[in-house]
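Asker: Structure file upload-v4.txt (compact mmCIF, C-alpha atoms) right here:
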```txt
# COMPACT_ATOMS: atom_id res chain seq x y z
CA MET G 1 -4.53 -22.14 15.34
CA LYS G 2 -7.58 -22.53 13.10
CA ASP G 3 -7.52 -22.89 9.34
CA PHE G 4 -8.33 -19.73 7.42
CA ASP G 5 -12.07 -19.11 7.84
CA LEU G 6 -13.20 -17.30 4.69
CA ASN G 7 -16.84 -17.09 5.74
CA PHE G 8 -15.84 -15.41 9.00
CA VAL G 9 -13.65 -12.94 7.09
CA ARG G 10 -16.30 -12.01 4.53
CA ARG G 11 -18.88 -11.37 7.26
CA HIS G 12 -16.73 -8.35 8.21
CA PHE G 13 -17.48 -6.56 4.92
CA TYR G 14 -20.76 -4.97 3.86
CA ALA G 15 -19.73 -5.62 0.24
CA PHE G 16 -20.39 -9.33 0.75
CA ASP G 17 -23.78 -9.01 2.42
CA VAL G 18 -26.39 -10.89 0.38
CA ASP G 19 -28.49 -7.76 -0.26
CA ASN G 20 -25.49 -5.82 -1.61
CA PRO G 21 -25.16 -5.80 -5.43
CA LEU G 22 -21.38 -5.97 -4.99
CA SER G 23 -21.71 -9.46 -3.53
CA GLU G 24 -22.50 -10.80 -7.01
CA LYS G 25 -19.22 -9.48 -8.41
CA ALA G 26 -15.88 -11.26 -8.47
CA PHE G 27 -13.75 -8.24 -7.62
CA PHE G 28 -10.18 -8.15 -8.96
CA GLU G 29 -9.14 -4.51 -8.67
CA ASN G 30 -8.23 -4.59 -5.01
CA ALA G 31 -4.82 -3.05 -5.74
CA GLY G 32 -6.71 0.10 -6.72
CA GLY G 33 -8.75 0.10 -3.51
CA SER G 34 -10.08 -2.64 -1.25
CA PHE G 35 -13.51 -2.87 0.32
CA PRO G 36 -13.65 -1.16 3.75
CA CYS G 37 -14.36 -3.44 6.68
CA LYS G 38 -17.49 -2.95 8.76
CA PHE G 39 -15.52 -1.63 11.74
CA VAL G 40 -14.32 1.28 9.61
CA VAL G 41 -17.70 1.99 8.01
CA ASP G 42 -19.46 1.90 11.37
CA LYS G 43 -16.94 4.24 12.98
CA LEU G 44 -17.18 6.66 10.07
CA THR G 45 -20.98 6.61 10.18
CA LYS G 46 -21.05 7.09 13.96
CA PHE G 47 -18.66 10.05 13.77
CA TYR G 48 -20.79 11.83 11.18
CA GLN G 49 -23.96 11.11 13.14
CA THR G 50 -22.80 12.07 16.63
CA THR G 51 -19.48 13.93 16.71
CA LYS G 52 -19.10 15.81 13.42
CA VAL G 53 -17.87 18.96 15.14
CA GLN G 54 -14.50 20.66 15.55
CA PRO G 55 -12.54 18.23 17.78
CA TYR G 56 -10.43 18.93 20.87
CA GLY G 57 -12.79 21.48 22.37
CA TYR G 58 -14.38 21.62 25.81
CA PHE G 59 -17.88 20.35 25.11
CA ASN G 60 -18.94 16.71 25.01
CA GLY G 61 -19.17 16.11 21.25
CA SER G 62 -15.88 17.85 20.61
CA ILE G 63 -14.10 15.97 23.39
CA GLU G 64 -15.39 12.64 22.09
CA ALA G 65 -14.36 13.50 18.52
CA GLY G 66 -10.79 14.24 19.61
CA GLU G 67 -10.63 11.07 21.68
CA GLU G 68 -11.82 8.96 18.73
CA MET G 69 -9.15 10.47 16.49
CA ASP G 70 -6.40 9.97 19.08
CA ASN G 71 -7.47 6.37 19.76
CA SER G 72 -7.36 5.57 16.04
CA CYS G 73 -3.80 6.85 15.68
CA LYS G 74 -2.71 4.91 18.76
CA LYS G 75 -4.21 1.72 17.33
CA ILE G 76 -2.49 2.12 13.98
CA ALA G 77 0.85 2.81 15.67
CA GLN G 78 0.31 -0.31 17.77
CA LEU G 79 -0.56 -2.34 14.67
CA LEU G 80 2.61 -1.20 12.89
CA ARG G 81 4.56 -1.49 16.15
CA VAL G 82 6.06 1.99 15.85
CA PRO G 83 6.08 4.90 18.34
CA LEU G 84 3.03 7.12 18.04
CA LYS G 85 5.22 10.21 17.61
CA ASN G 86 6.58 8.77 14.35
CA LEU G 87 3.15 8.24 12.79
CA HIS G 88 1.69 10.82 10.40
CA VAL G 89 -1.70 10.76 8.68
CA GLY G 90 -2.31 12.74 5.51
CA PRO G 91 -4.94 12.86 2.77
CA SER G 92 -3.13 10.36 0.51
CA THR G 93 0.22 8.71 -0.07
CA SER G 94 0.83 10.92 -3.11
CA GLN G 95 0.25 14.02 -0.99
CA ASN G 96 2.50 12.70 1.77
CA THR G 97 5.42 12.12 -0.61
CA TYR G 98 4.88 15.57 -2.12
CA VAL G 99 5.14 17.14 1.33
CA LEU G 100 8.25 15.12 2.16
CA ALA G 101 9.96 16.08 -1.09
CA ASN G 102 9.36 19.74 -0.33
CA ALA G 103 10.72 19.23 3.19
CA LEU G 104 13.87 17.65 1.74
CA ARG G 105 14.24 20.46 -0.78
CA LEU G 106 14.27 22.98 2.04
CA SER G 107 16.53 20.97 4.33
CA LYS G 108 20.14 21.87 5.10
CA ASN G 109 21.39 18.39 4.19
CA LYS G 110 24.54 18.82 2.11
CA LYS G 111 24.07 15.56 0.23
CA LYS G 112 22.26 16.17 -3.04
CA VAL G 113 21.97 12.74 -4.71
CA ILE G 114 18.68 10.83 -4.79
CA VAL G 115 18.26 7.28 -6.10
CA VAL G 116 14.84 6.31 -7.48
CA SER G 117 13.65 3.24 -9.37
CA ASN G 118 11.61 2.86 -12.54
CA GLN G 119 9.59 0.06 -10.91
CA ASP G 120 7.73 2.54 -8.71
CA HIS G 121 4.27 3.98 -8.77
CA GLU G 122 4.77 7.59 -9.89
CA SER G 123 3.91 8.99 -6.44
CA ASN G 124 7.19 7.63 -5.06
CA THR G 125 9.38 8.58 -7.99
CA GLY G 126 8.02 11.72 -9.66
CA VAL G 127 8.26 13.97 -6.59
CA TRP G 128 11.89 13.02 -6.01
CA ARG G 129 12.79 13.30 -9.70
CA ASN G 130 11.37 16.82 -9.72
CA LEU G 131 14.09 17.86 -7.28
CA ALA G 132 16.56 17.60 -10.18
CA SER G 133 15.52 21.17 -11.05
CA GLN G 134 16.30 22.22 -7.46
CA GLY G 135 19.99 21.33 -7.42
CA PHE G 136 19.71 17.61 -6.74
CA GLU G 137 21.20 14.81 -8.85
CA VAL G 138 18.77 11.96 -9.56
CA ARG G 139 20.07 8.46 -10.32
CA GLU G 140 17.75 5.76 -11.64
CA TRP G 141 17.83 2.20 -10.35
CA LYS G 142 16.58 0.40 -13.44
CA VAL G 143 14.68 -2.86 -13.66
CA ARG G 144 16.04 -5.63 -15.85
CA SER G 145 14.09 -7.25 -18.69
CA ASN G 146 11.91 -9.26 -16.28
CA GLY G 147 10.79 -6.12 -14.46
CA SER G 148 12.75 -6.94 -11.30
CA LEU G 149 15.19 -4.79 -9.34
CA TYR G 150 18.57 -6.26 -8.40
CA LEU G 151 20.80 -5.30 -5.48
CA ASP G 152 23.98 -5.49 -7.59
CA ASP G 153 22.60 -2.72 -9.80
CA LEU G 154 21.72 -0.59 -6.78
CA LYS G 155 25.19 -0.94 -5.25
CA LYS G 156 26.72 0.60 -8.38
CA LEU G 157 24.61 3.73 -7.84
CA VAL G 158 25.12 4.23 -4.11
CA ASP G 159 28.02 6.12 -2.59
CA LYS G 160 28.58 8.59 0.25
CA THR G 161 26.98 11.44 -1.74
CA VAL G 162 23.52 9.79 -1.73
CA CYS G 163 21.02 11.30 0.70
CA LEU G 164 17.93 9.22 -0.16
CA ILE G 165 16.95 5.94 -1.83
CA ALA G 166 13.26 5.67 -2.80
CA PHE G 167 11.84 2.31 -3.87
CA PRO G 168 8.70 0.15 -3.64
CA HIS G 169 8.19 -2.63 -1.12
CA VAL G 170 6.10 -4.32 -3.82
CA SER G 171 5.57 -3.45 -7.47
CA ASN G 172 1.96 -2.55 -8.23
CA ILE G 173 2.37 -4.21 -11.65
CA ILE G 174 4.49 -7.36 -11.35
CA GLY G 175 3.72 -7.96 -7.67
CA GLN G 176 7.36 -8.56 -6.78
CA VAL G 177 8.31 -8.25 -3.10
CA ASN G 178 11.62 -6.41 -2.90
CA PRO G 179 14.27 -7.20 -0.21
CA VAL G 180 13.51 -4.13 1.88
CA LYS G 181 15.79 -4.99 4.78
CA ASP G 182 18.80 -5.52 2.49
CA ILE G 183 18.14 -2.26 0.65
CA CYS G 184 17.84 -0.33 3.90
CA THR G 185 21.11 -1.87 5.08
CA ILE G 186 22.88 -0.74 1.89
CA ALA G 187 21.50 2.76 2.43
CA LYS G 188 22.57 2.96 6.06
CA GLU G 189 26.10 1.80 5.22
CA ALA G 190 26.31 4.76 2.81
CA GLY G 191 24.76 7.17 5.31
CA ALA G 192 21.62 7.55 3.19
CA PHE G 193 17.93 7.67 4.14
CA THR G 194 15.27 5.39 2.65
CA CYS G 195 11.71 5.99 1.47
CA VAL G 196 9.72 2.78 1.08
CA ASP G 197 6.42 2.81 -0.80
CA GLY G 198 4.43 0.11 0.99
CA VAL G 199 1.11 0.77 -0.76
CA SER G 200 1.10 -2.50 -2.71
CA TYR G 201 2.43 -4.58 0.17
CA ALA G 202 0.29 -3.45 3.11
CA PRO G 203 -2.98 -5.08 1.89
CA HIS G 204 -1.23 -8.48 2.03
CA GLY G 205 0.31 -8.32 5.49
CA ILE G 206 0.61 -5.91 8.39
CA PRO G 207 3.96 -4.14 7.82
CA GLN G 208 6.30 -4.56 10.76
CA ILE G 209 8.37 -1.50 10.05
CA ASN G 210 11.00 -2.07 12.73
CA ASP G 211 11.97 -5.35 11.06
CA PHE G 212 13.74 -3.46 8.27
CA CYS G 213 14.18 0.05 9.77
CA PRO G 214 13.41 2.43 6.90
CA ASP G 215 13.37 6.18 7.41
CA ILE G 216 10.06 6.62 5.61
CA TYR G 217 7.34 4.01 5.12
CA LEU G 218 4.09 4.91 3.39
CA PHE G 219 0.84 3.15 2.54
CA SER G 220 -2.76 3.98 1.69
CA SER G 221 -5.41 2.98 4.20
CA TYR G 222 -8.12 2.80 1.52
CA LYS G 223 -6.21 -0.17 0.09
CA THR G 224 -6.00 -1.80 3.51
CA PHE G 225 -9.73 -2.05 4.27
CA GLY G 226 -9.98 1.49 5.65
CA PRO G 227 -10.85 5.10 4.73
CA HIS G 228 -9.14 7.17 2.03
CA LEU G 229 -6.04 8.38 3.87
CA GLY G 230 -2.26 8.13 3.57
CA VAL G 231 -0.43 6.63 6.55
CA MET G 232 3.24 7.51 6.96
CA TYR G 233 6.07 6.58 9.32
CA VAL G 234 9.06 8.95 9.55
CA SER G 235 12.11 8.05 11.65
CA ASP G 236 13.44 10.41 14.31
CA SER G 237 16.75 10.83 12.52
CA LEU G 238 15.13 11.94 9.28
CA ALA G 239 12.46 14.08 10.95
CA THR G 240 15.15 16.24 12.51
CA GLU G 241 16.84 16.69 9.11
CA LEU G 242 13.69 17.81 7.30
CA GLU G 243 12.12 21.23 7.45
CA SER G 244 8.73 21.34 9.14
CA GLN G 245 5.77 21.74 6.77
CA CYS G 246 3.09 22.64 9.31
CA HIS G 247 1.96 25.91 10.88
CA TYR G 248 4.83 27.38 12.88
CA PHE G 249 2.94 27.08 16.17
CA ASN G 250 2.45 23.31 15.61
CA GLN G 251 6.13 22.49 15.05
CA GLU G 252 6.56 21.23 18.61
CA PHE G 253 4.11 18.39 17.92
CA PRO G 254 5.96 15.53 16.10
CA ASN G 255 2.82 14.18 14.40
CA LYS G 256 2.00 17.56 12.84
CA ARG G 257 5.38 18.48 11.34
CA PHE G 258 4.57 16.99 7.91
CA THR G 259 0.85 17.75 7.82
CA PRO G 260 0.40 21.22 6.26
CA ALA G 261 -3.39 21.17 6.63
CA GLY G 262 -5.76 19.75 9.20
CA PRO G 263 -6.67 16.07 8.75
CA ASP G 264 -10.05 14.69 7.75
CA HIS G 265 -11.46 14.27 11.25
CA ALA G 266 -14.06 11.60 10.47
CA GLN G 267 -11.72 9.44 8.43
CA VAL G 268 -8.98 9.62 11.05
CA ALA G 269 -11.53 8.54 13.66
CA ALA G 270 -12.50 5.60 11.42
CA LEU G 271 -8.90 4.57 10.79
CA GLY G 272 -8.75 2.56 14.01
CA GLY G 273 -11.32 0.19 12.55
CA ILE G 274 -8.47 -1.45 10.61
CA TYR G 275 -6.89 -2.47 13.92
CA ASP G 276 -10.25 -3.73 15.20
CA TYR G 277 -10.63 -5.87 12.06
CA TYR G 278 -7.23 -7.50 12.42
CA HIS G 279 -7.85 -7.96 16.14
CA SER G 280 -11.04 -9.85 15.30
CA LEU G 281 -9.18 -12.08 12.82
CA SER G 282 -6.48 -12.79 15.40
CA ASP G 283 -8.97 -13.56 18.15
CA HIS G 284 -10.92 -15.95 15.89
CA HIS G 285 -8.03 -17.76 14.20
CA LEU G 286 -5.29 -17.59 16.83
CA ASN G 287 -7.34 -17.18 20.02
CA SER G 288 -4.99 -14.30 20.74
CA GLU G 289 -4.90 -10.52 20.79
CA LEU G 290 -2.61 -8.46 18.56
CA SER G 291 -0.23 -8.00 21.44
CA SER G 292 3.11 -9.10 20.01
CA SER G 293 5.10 -9.25 16.79
CA SER G 294 4.95 -13.06 16.90
CA CYS G 295 1.15 -12.92 16.88
CA ILE G 296 1.17 -10.51 13.94
CA ASP G 297 3.65 -12.75 12.13
CA LYS G 298 1.30 -15.73 12.55
CA LEU G 299 -1.64 -13.72 11.25
CA ASN G 300 0.41 -12.47 8.30
CA ASN G 301 1.44 -16.05 7.46
CA LEU G 302 -2.18 -17.19 7.65
CA ILE G 303 -3.20 -14.44 5.21
CA SER G 304 -0.24 -15.05 2.90
CA ASN G 305 -0.92 -18.79 2.71
CA GLN G 306 -4.55 -18.15 1.82
CA GLU G 307 -3.61 -15.73 -0.94
CA ARG G 308 -1.01 -18.09 -2.40
CA LYS G 309 -3.56 -20.89 -2.34
CA LEU G 310 -5.68 -18.88 -4.77
CA LEU G 311 -2.81 -17.34 -6.73
CA LYS G 312 -1.24 -20.64 -7.85
CA PRO G 313 -4.18 -21.92 -9.93
CA LEU G 314 -4.51 -18.51 -11.60
CA LEU G 315 -0.83 -18.42 -12.56
CA ASP G 316 -0.97 -22.05 -13.71
CA PHE G 317 -3.97 -21.17 -15.88
CA LEU G 318 -2.24 -18.15 -17.43
CA LYS G 319 0.83 -20.27 -18.18
CA THR G 320 -1.28 -22.41 -20.54
CA LYS G 321 -2.41 -19.41 -22.61
CA LYS G 322 0.03 -18.66 -25.43
CA ASP G 323 -1.69 -15.38 -26.33
CA ILE G 324 -1.30 -13.94 -22.82
CA ARG G 325 1.90 -12.25 -21.66
CA LEU G 326 2.38 -12.20 -17.92
CA LEU G 327 4.52 -9.39 -16.54
CA GLY G 328 6.67 -10.79 -13.77
CA SER G 329 7.09 -14.30 -12.45
CA TYR G 330 4.87 -17.37 -12.56
CA GLU G 331 6.33 -18.42 -9.20
CA ILE G 332 4.23 -17.70 -6.12
CA GLU G 333 7.25 -17.07 -3.87
CA ASP G 334 8.30 -13.47 -3.20
CA ARG G 335 5.24 -11.99 -4.83
CA VAL G 336 1.73 -10.89 -3.89
CA PRO G 337 -1.49 -11.62 -5.83
CA THR G 338 -1.20 -8.60 -8.11
CA VAL G 339 -1.07 -10.00 -11.65
CA ALA G 340 -0.62 -7.89 -14.78
CA ILE G 341 -1.20 -9.38 -18.23
CA VAL G 342 -0.99 -8.15 -21.80
CA THR G 343 -3.27 -9.64 -24.46
CA LYS G 344 -3.98 -9.02 -28.13
CA LYS G 345 -7.41 -7.77 -27.17
CA SER G 346 -8.27 -4.18 -26.22
CA ASN G 347 -8.05 -3.79 -22.44
CA ILE G 348 -11.20 -1.72 -22.35
CA GLU G 349 -13.16 -4.24 -24.40
CA LEU G 350 -11.93 -7.15 -22.30
CA ALA G 351 -12.80 -5.34 -19.06
CA LYS G 352 -16.30 -4.60 -20.39
CA GLU G 353 -16.81 -8.20 -21.48
CA LEU G 354 -15.69 -9.54 -18.11
CA ASN G 355 -17.97 -7.06 -16.38
CA GLU G 356 -20.92 -8.64 -18.19
CA LEU G 357 -19.92 -11.87 -16.46
CA ASN G 358 -19.82 -10.12 -13.07
CA VAL G 359 -16.02 -10.08 -13.04
CA SER G 360 -14.40 -6.71 -12.22
CA VAL G 361 -10.81 -6.15 -13.37
CA GLY G 362 -8.55 -3.12 -13.72
CA SER G 363 -7.02 -1.80 -16.93
CA GLY G 364 -4.52 0.97 -17.69
CA ASP G 365 -1.02 2.02 -16.65
CA PHE G 366 -1.73 2.30 -12.90
CA TYR G 367 0.73 5.20 -12.59
CA ALA G 368 3.62 2.84 -13.37
CA VAL G 369 4.31 4.28 -16.81
CA ARG G 370 8.09 4.08 -16.46
CA LEU G 371 7.96 0.36 -15.64
CA LEU G 372 5.65 -0.41 -18.56
CA GLN G 373 7.93 1.50 -20.90
CA ALA G 374 10.91 -0.49 -19.62
CA LEU G 375 8.98 -3.70 -20.33
CA ASP G 376 8.03 -2.55 -23.84
CA VAL G 377 4.30 -2.36 -23.11
CA ASP G 378 2.07 -0.04 -25.15
CA ILE G 379 1.36 2.80 -22.71
CA HIS G 380 -1.96 3.69 -24.33
CA GLU G 381 -3.19 0.12 -23.87
CA GLY G 382 -1.43 -0.57 -20.60
CA VAL G 383 -2.25 -3.87 -18.93
CA ILE G 384 -5.12 -5.83 -17.48
CA ARG G 385 -4.50 -6.05 -13.74
CA LEU G 386 -5.94 -8.91 -11.71
CA SER G 387 -5.46 -8.21 -8.01
CA PHE G 388 -7.02 -9.80 -4.96
CA VAL G 389 -6.64 -10.05 -1.20
CA HIS G 390 -7.43 -12.56 1.53
CA TYR G 391 -11.22 -12.01 1.38
CA THR G 392 -11.32 -13.18 -2.26
CA SER G 393 -12.94 -16.60 -2.70
CA GLY G 394 -11.95 -19.62 -4.76
CA ASN G 395 -15.24 -19.23 -6.64
CA ASP G 396 -14.19 -15.71 -7.60
CA VAL G 397 -10.95 -17.02 -9.10
CA GLU G 398 -12.82 -19.75 -10.97
CA LYS G 399 -15.21 -17.15 -12.38
CA LEU G 400 -12.25 -15.00 -13.47
CA MET G 401 -10.49 -17.87 -15.24
CA SER G 402 -13.72 -18.94 -16.92
CA GLY G 403 -14.29 -15.40 -18.16
CA LEU G 404 -10.75 -15.05 -19.49
CA ASP G 405 -11.01 -18.44 -21.18
CA ARG G 406 -14.24 -17.40 -22.85
CA HIS G 407 -13.08 -14.04 -24.20
CA LEU G 408 -9.44 -14.75 -25.07
```
Please express the file's structure as structure tokens.
Answerer:
Amino acid sequence: MKDFDLNFVRRHFYAFDVDNPLSEKAFFENAGGSFPCKFVVDKLTKFYQTTKVQPYGYFNGSIEAGEEMDNSCKKIAQLLRVPLKNLHVGPSTSQNTYVLANALRLSKNKKKVIVVSNQDHESNTGVWRNLASQGFEVREWKVRSNGSLYLDDLKKLVDKTVCLIAFPHVSNIIGQVNPVKDICTIAKEAGAFTCVDGVSYAPHGIPQINDFCPDIYLFSSYKTFGPHLGVMYVSDSLATELESQCHYFNQEFPNKRFTPAGPDHAQVAALGGIYDYYHSLSDHHLNSELSSSSCIDKLNNLISNQERKLLKPLLDFLKTKKDIRLLGSYEIEDRVPTVAIVTKKSNIELAKELNELNVSVGSGDFYAVRLLQALDVDIHEGVIRLSFVHYTSGNDVEKLMSGLDRHL
């Protein structure tokens, strides 16, 4: 196995081409949306140029369009190592959870208790909380003072009346990786379903959904080097409990049950480029195809080690700054490189000043208002979020730390 080859990785993104203005920027708002890889951009471009017609017809362009869309879905299912029939593609993760909540509202399930957390992005908490006005009881799994969720607190909320537990795989603020397998086990012992928001985890490792067996797993492909879509896994057991949300004549097709409207054809066709990108990384670093879970595990470890290599100096730097409050842990274990800080400076002013130094950072509440309130953060100011992925360079991190040192 080769060492992580950053130059090889960055050659897969148009954003890092020398003639692209983005290449001059140190980009630290990847949690809001990563750069798409060239495989995705090229597929999207080709679809618009040659097959932008109604797919699944009986003429050449239409046949090819349908085949491209089908191949993309097969590749993503293979990447996640789940059956194709359990994979659903919608316009966004927020839209997917909205559809699922409506399906649960209409279901005949007699259990009417839902557990949500206040660590979540609002897309995986608000839709479930809204069911409180539809006869459901909503219980909140609250973070403690450090922003973390604890299993002991969850166990006090779960009993045989719970039908669903919704929680994040990773917090989009403190970057904590939650023990998904343990949570899913607690749910199953109580006869409850689980909805895992994987949006903030998926950019840092290919989710192997069968390893922890949730009933719902969601992530956003535009944060995993792809087009702007929401990818969703729904287990067989839950799918049969939920009311179909598609046209009545499509109910026999498992992949259409939770897709009320037709998908974005071009973006679905481009989605398979994510698989092609990871395949290229695997072939280069491991001299192996993405043909087994062990291969994906090795690739995930390679990516994780690279990210931690860059995360440690950033956290060590922040630890020396008395005027900076870090939300979450300074330890690199059980977290991803999503770092939220609070300073005495205006977030907007700091972001503008860093931009002048070609450093791009995020600022705001990032739809995690409940978590920020629990951590006593001014909602109007929010936080500065510093987030990166495996294509980020050491020079980028140095530029970020230099900029923060200069303006704080």
Asker: Atom CA of G:Lys112 and atom CA of G:Thr259, how far apart in Å?
Answerer: 24.1 Å
Asker: Residues of stretch 90-141 of chain G within 6 Å of stretch 160-184 of chain G: nearest atom pair and distance (Å, one decimal) for each, counting only C-alpha atoms, sorted by chain and number, as a Markdown table?
Answerer:
```
| residue | atom | partner | partner_atom | distance |
| --- | --- | --- | --- | --- |
| G:Lys111 | CA | G:Cys163 | CA | 5.3 |
| G:Val113 | CA | G:Val162 | CA | 4.5 |
| G:Ile114 | CA | G:Leu164 | CA | 5.0 |
| G:Val115 | CA | G:Ile165 | CA | 4.7 |
| G:Val116 | CA | G:Ala166 | CA | 5.0 |
| G:Ser117 | CA | G:Phe167 | CA | 5.9 |
| G:Asp120 | CA | G:Pro168 | CA | 5.7 |
```
Asker: Considering all atoms listed in the file, state which residue in the set G:Leu354, G:Ala192, G:Gln134, G:Ser235 is at the smallest distance from G:Ile209.
Answerer: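 Of G:Leu354, G:Ala192, G:Gln134, G:Ser235, the one nearest G:Ile209, counting all atoms listed in the file, is G:Ser235.
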Asker: Rounded to one decimal place, report the atom CA of G:Phe219-atom CA of G:Asn347 distance in Å.
Answerer: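 Interatomic distance here is 27.4 Å.
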Asker: Could you state the separation of atom CA of G:Leu327 and atom CA of G:Pro313 in Å, given to one decimal place?
Answerer: 16.6 Å
Asker: Taking into account all atoms listed in the file, which residue in the set G:Phe388, G:Val359, G:Leu229, G:Met401 is nearest to G:Lys25?
Answerer: G:Val359
Asker: If I wrap all listed atoms of stretch 383-391 of chain G in a box with edges along x, y and z and add 4 Å on each side, what are its centre and edge lengths in Å to one decimal, as AutoDock Vina command-line options?
Answerer:
```
--center_x -6.7 --center_y -8.2 --center_z -8.7 --size_x 17.0 --size_y 16.7 --size_z 28.5
```
Asker: Residues of stretch 235-349 of chain G that approach stretch 368-378 of chain G to 12 Å or less, counting only C-alpha atoms: could you list each one with the shortest pair of atoms and its distance in Å to one decimal, rows by chain and increasing residue number, as CSV?
Answerer:
```
residue,atom,partner,partner_atom,distance
G:Arg325,CA,G:Val377,CA,10.3
G:Leu326,CA,G:Leu375,CA,11.0
G:Leu327,CA,G:Leu375,CA,8.2
G:Gly328,CA,G:Leu375,CA,9.9
G:Ala340,CA,G:Leu372,CA,10.5
G:Ile341,CA,G:Val377,CA,10.2
G:Val342,CA,G:Val377,CA,8.0
G:Thr343,CA,G:Val377,CA,10.6
G:Lys344,CA,G:Asp378,CA,11.2
G:Ser346,CA,G:Asp378,CA,11.2
G:Asn347,CA,G:Asp378,CA,11.1
```
Asker: Which of these residues is nearest to G:Asn395, using all atoms listed in the file: G:Ala26, G:Ala270, G:Ile186, G:Leu154?
Answerer: G:Ala26
Asker: Between G:Asn210, G:Gly230, G:Val143, G:Pro337, which has the minimum distance to G:Leu271 (counting only C-alpha atoms)?
Answerer: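 Among G:Asn210, G:Gly230, G:Val143, G:Pro337, it is G:Gly230 that comes nearest to G:Leu271.
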Asker: So which one's closest to G:Lys85, G:Tyr391, G:Tyr233, G:Tyr330, G:Tyr277? Using all atoms listed in the file, please.
Answerer: G:Tyr233
Asker: Please provide the set of residues having any atom within 12 Å of G:Ser34, restricted to only C-alpha atoms, with same-chain residues fewer than 4 positions apart removed, written as a list in words.
Answerer: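 Returned residues: Phe13, Ala15, Phe27, Phe28, Glu29, Asn30, Val199, Ser200, Ala202, Pro203, His204, Ser220, Ser221, Tyr222, Lys223, Thr224, Phe225, Gly226, Pro227, His228, Ser387, Phe388, Val389, His390, Tyr391 and Thr392 of chain G.
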Asker: Give the answer as one residue: which of G:Leu315, G:Cys295, G:Ala261, G:Leu149 has the shortest atom-to-atom distance to G:Pro91, using all atoms listed in the file?
Answerer: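 Ranked by minimum distance to G:Pro91, first place goes to G:Ala261.
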Asker: Can you pull out every residue within 12 Å of G:Leu299, counting only C-alpha atoms, but drop anything in the same chain fewer than 4 positions away, and send it as a PyMOL selection string?
Answerer: chain G and resi 1-4+79+204-207+277-295+303-306+390
Asker: With a distance cut-off of 9 Å and all atoms listed in the file, select the neighbouring residues of G:Val268, excluding the residue or stretch itself and same-chain residues fewer than 6 positions from it, and output the selection as a list of chain:residue names.
Answerer: G:Leu44, G:Glu68, G:Met69, G:Asp70, G:Ser72, G:Cys73, G:Val89, G:Pro227, G:Leu229
Asker: Could you extract stretch 67-78 of chain G of the given structure into a file holding N, CA and C atoms, as a PDB file, in the first residue's frame?
Answerer:
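File written: result04.pdb
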```pdb
ATOM      1  N   GLU G  67     -29.689   4.245 -19.120  1.00  0.00           N
ATOM      2  CA  GLU G  67     -28.604   3.347 -18.729  1.00  0.00           C
ATOM      3  C   GLU G  67     -27.595   4.056 -17.837  1.00  0.00           C
ATOM      4  N   GLU G  68     -27.283   5.324 -18.161  1.00  0.00           N
ATOM      5  CA  GLU G  68     -26.345   6.092 -17.338  1.00  0.00           C
ATOM      6  C   GLU G  68     -26.896   6.281 -15.924  1.00  0.00           C
ATOM      7  N   MET G  69     -28.180   6.580 -15.828  1.00  0.00           N
ATOM      8  CA  MET G  69     -28.799   6.766 -14.518  1.00  0.00           C
ATOM      9  C   MET G  69     -28.792   5.455 -13.722  1.00  0.00           C
ATOM     10  N   ASP G  70     -29.158   4.367 -14.365  1.00  0.00           N
ATOM     11  CA  ASP G  70     -29.184   3.069 -13.688  1.00  0.00           C
ATOM     12  C   ASP G  70     -27.783   2.655 -13.236  1.00  0.00           C
ATOM     13  N   ASN G  71     -26.788   2.866 -14.096  1.00  0.00           N
ATOM     14  CA  ASN G  71     -25.416   2.496 -13.744  1.00  0.00           C
ATOM     15  C   ASN G  71     -24.916   3.293 -12.546  1.00  0.00           C
ATOM     16  N   SER G  72     -25.282   4.569 -12.473  1.00  0.00           N
ATOM     17  CA  SER G  72     -24.876   5.394 -11.340  1.00  0.00           C
ATOM     18  C   SER G  72     -25.437   4.847 -10.035  1.00  0.00           C
ATOM     19  N   CYS G  73     -26.711   4.519 -10.030  1.00  0.00           N
ATOM     20  CA  CYS G  73     -27.341   3.997  -8.809  1.00  0.00           C
ATOM     21  C   CYS G  73     -26.718   2.662  -8.410  1.00  0.00           C
ATOM     22  N   LYS G  74     -26.419   1.828  -9.370  1.00  0.00           N
ATOM     23  CA  LYS G  74     -25.775   0.541  -9.073  1.00  0.00           C
ATOM     24  C   LYS G  74     -24.404   0.762  -8.445  1.00  0.00           C
ATOM     25  N   LYS G  75     -23.663   1.744  -8.961  1.00  0.00           N
ATOM     26  CA  LYS G  75     -22.325   2.019  -8.424  1.00  0.00           C
ATOM     27  C   LYS G  75     -22.386   2.539  -6.991  1.00  0.00           C
ATOM     28  N   ILE G  76     -23.347   3.411  -6.713  1.00  0.00           N
ATOM     29  CA  ILE G  76     -23.458   3.945  -5.357  1.00  0.00           C
ATOM     30  C   ILE G  76     -23.884   2.850  -4.388  1.00  0.00           C
ATOM     31  N   ALA G  77     -24.801   1.996  -4.803  1.00  0.00           N
ATOM     32  CA  ALA G  77     -25.203   0.870  -3.955  1.00  0.00           C
ATOM     33  C   ALA G  77     -24.013  -0.043  -3.685  1.00  0.00           C
ATOM     34  N   GLN G  78     -23.188  -0.258  -4.710  1.00  0.00           N
ATOM     35  CA  GLN G  78     -21.998  -1.090  -4.548  1.00  0.00           C
ATOM     36  C   GLN G  78     -21.007  -0.428  -3.603  1.00  0.00           C
TER      37      GLN G  78
END
```
